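Asker: Encoded as structure tokens, here's the structure I'll be asking about.
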Amino acid sequence: MARNLRSIAGRPAVITGAASGIGRSLARRLSRSGSPVAIADIDEAGLKDTARSLPGPVLVRVLDVRDAADQHRFAAEVREWLPSLANRAPLAAVFNNAGVAVASSVLDADPGDDEWLRQINFDGVVNGTRAFLPVLVEQDDGVIVNTSSVFGLVGMPYQSAYCASKFAVRGFTDALRQELRGTGVRAVTVHPGGIKTNIARNARVRKDPDGRGRTHEQMAAEFEAITMTTPDKAAEIICRGVDRGKARILVGPDAYVFDALARVAPTHYYDVMAQFEKRLRSRASQRSTAPSGLTSDGGAMREESAS
């Protein structure tokens, strides 16, 4: 497959899910590098906050990624916007990044919650790809970057719908990559590990699926305590991976653990992961009970990353 390894910095990009998290960090990083960015999200207030923080040209679009027709309208607006830019550069990248979460056992799953998640996490990626792929193919240049997850590499308890959607993104993008062989267009999957975003707080949770009686707030706090990567760091890793021509980008040290275990222990990885998670939770608990500015491992001063 022919690869276009020009940096995306300074060239136009489209980003969905840009109101917060990785999407917002991608928009800020690319804008600071000189890229005009077209940003979209269903969260209008968050989207406007992102836009106000960008130093360069920006096209702002409130968008429900589930709406295929509106995705095509957004793509048409981007087509019209590109010639108005100073450098009139072709579209460099489309980041289909919007996503949500649900926590439930398969036994107790609410079909409506699972359908909501599937439409955003998978249909949203498909809709965005189909809307913008003609633009990239026409110019024979650019990259589609679809956000999967480490849960698109392994199956995890109480995350059946999320895993299914992220496996689907992975399979869809892998197939697209083969279809694009010999062209100037690439397809990339991104597999983030635990990222310090609001996805757990915004998840749909009917009850504690583990049966421990935790509130939604407690479950979100537990997830956030073991996340290992900031959105800004994730954006840096993703942009660097795209520039280097990677077809699959692992984000965060935990993503490499998940990937390795899925390969060497494809049916027994959860036993190891459960121990890994237990250690992370123990370390997080020690940090939270240590005096301010100190950790329990020797009392060394340590600056903690803000969520």
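Simple scheme: letters A, B, ... for chains in structure tokens order, numbers from 1 for residues in each chain, numbers from 1 for ligands in the order shown.
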Which of range 105-183 of chain A end up as helix (DSSP H, G or I) when DSSP is run on this backbone - answer as number ranges by chain?

Answerer: A: 111-139, 150-152, 160-179

Asker: Would you mind listing, for every residue of range 204-279 of chain A within 7 Å of range 9-27 of chain A, the two atoms forming the shortest contact and the distance between them in Å to one decimal, using only C-alpha atoms, sorted by chain and ascending residue number, as CSV?

Answerer:
```
residue,atom,partner,partner_atom,distance
A:Pro231,CA,A:Ile22,CA,4.8
A:Asp232,CA,A:Ser25,CA,5.2
A:Ala234,CA,A:Ile22,CA,6.6
A:Ala235,CA,A:Leu26,CA,5.0
```

Asker: Given the choices A:Asp108, A:Asp174, A:Asp70, A:Asp113, which gets closest to Arg248 in chain A if the distance is worked out from only C-alpha atoms?

Answerer: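 Among A:Asp108, A:Asp174, A:Asp70, A:Asp113, it is A:Asp174 that comes nearest to Arg248 in chain A.
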
Asker: Under the rule of at most 10 Å, produce a per-residue listing of range 67-170 of chain A near range 200-217 of chain A: chain, number, name, the closest pair of atoms, and the distance in Å, as a Markdown table, using only C-alpha atoms.

Answerer:
```
| residue | atom | partner | partner_atom | distance |
| --- | --- | --- | --- | --- |
| A:Gly99 | CA | A:Ala203 | CA | 9.9 |
| A:Val100 | CA | A:Ala203 | CA | 6.3 |
| A:Ala101 | CA | A:Ala203 | CA | 4.6 |
| A:Val102 | CA | A:Arg204 | CA | 4.8 |
| A:Ala103 | CA | A:Val205 | CA | 5.4 |
| A:Ser104 | CA | A:Pro209 | CA | 5.1 |
| A:Ser105 | CA | A:Pro209 | CA | 5.7 |
| A:Val106 | CA | A:Pro209 | CA | 9.4 |
| A:Leu107 | CA | A:Pro209 | CA | 9.7 |
| A:Asp108 | CA | A:Pro209 | CA | 8.1 |
| A:Ala109 | CA | A:Arg206 | CA | 8.8 |
| A:Asp110 | CA | A:Arg206 | CA | 8.5 |
| A:Asp113 | CA | A:Arg204 | CA | 7.0 |
| A:Asp114 | CA | A:Arg204 | CA | 9.4 |
| A:Trp116 | CA | A:Arg204 | CA | 9.6 |
| A:Leu117 | CA | A:Arg204 | CA | 9.1 |
| A:Pro157 | CA | A:Asp210 | CA | 9.0 |
| A:Tyr158 | CA | A:Pro209 | CA | 6.4 |
| A:Gln159 | CA | A:Pro209 | CA | 9.7 |
```

Asker: Please build the interface table for range 133-174 of chain A against range 261-272 of chain A with a cut-off of 10 Å, listing for each qualifying residue the nearest atom pair and the distance in Å to one decimal; count only C-alpha atoms, order rows by chain and increasing number, and write it as JSON lines.

Answerer:
```
{"residue": "A:Val150", "atom": "CA", "partner": "A:Ala262", "partner_atom": "CA", "distance": 9.9}
{"residue": "A:Leu153", "atom": "CA", "partner": "A:Ala262", "partner_atom": "CA", "distance": 6.8}
{"residue": "A:Val154", "atom": "CA", "partner": "A:Ala262", "partner_atom": "CA", "distance": 6.2}
{"residue": "A:Gly155", "atom": "CA", "partner": "A:Tyr270", "partner_atom": "CA", "distance": 8.5}
{"residue": "A:Met156", "atom": "CA", "partner": "A:Tyr270", "partner_atom": "CA", "distance": 7.5}
{"residue": "A:Pro157", "atom": "CA", "partner": "A:Tyr270", "partner_atom": "CA", "distance": 9.0}
```

Asker: Env of Pro36 in chain A: 12 Å cut, atoms = only C-alpha atoms, seq-sep filter 3 positions within chain, self excluded. Answer as number ranges by chain.

Answerer: A: 8-15, 26-33, 39, 51, 54-60, 78, 81-93

Asker: Give me, as JSON lines, the closest atom pair and its distance (Å, one decimal) for every residue of range 156-259 of chain A within a cut-off of 9 Å of range 130-146 of chain A, counting only C-alpha atoms, rows sorted by chain and rising number.

Answerer:
```
{"residue": "A:Val169", "atom": "CA", "partner": "A:Asn146", "partner_atom": "CA", "distance": 7.1}
{"residue": "A:Arg170", "atom": "CA", "partner": "A:Asn146", "partner_atom": "CA", "distance": 8.1}
{"residue": "A:Thr173", "atom": "CA", "partner": "A:Asn146", "partner_atom": "CA", "distance": 7.1}
{"residue": "A:Leu180", "atom": "CA", "partner": "A:Val137", "partner_atom": "CA", "distance": 8.9}
{"residue": "A:Thr183", "atom": "CA", "partner": "A:Asp140", "partner_atom": "CA", "distance": 6.4}
{"residue": "A:Gly184", "atom": "CA", "partner": "A:Asp141", "partner_atom": "CA", "distance": 4.6}
{"residue": "A:Val185", "atom": "CA", "partner": "A:Asp141", "partner_atom": "CA", "distance": 5.0}
{"residue": "A:Arg186", "atom": "CA", "partner": "A:Val143", "partner_atom": "CA", "distance": 4.6}
{"residue": "A:Ala187", "atom": "CA", "partner": "A:Ile144", "partner_atom": "CA", "distance": 4.8}
{"residue": "A:Val188", "atom": "CA", "partner": "A:Val145", "partner_atom": "CA", "distance": 4.8}
{"residue": "A:Thr189", "atom": "CA", "partner": "A:Asn146", "partner_atom": "CA", "distance": 5.1}
{"residue": "A:Val190", "atom": "CA", "partner": "A:Asn146", "partner_atom": "CA", "distance": 6.2}
{"residue": "A:Val242", "atom": "CA", "partner": "A:Val143", "partner_atom": "CA", "distance": 8.1}
```

Asker: Based on the backbone DSSP call, show me all residues of range 145-285 of chain A assigned strand (DSSP E or B), as a PyMOL selection string.

Answerer: chain A and resi 145-147+159+185-192+195+204-205+229+248-251

Asker: Enter the distance from CA of Val251 in chain A to CA of Ala274 in chain A, in Å, rounded to one decimal.

Answerer: 19.9 Å
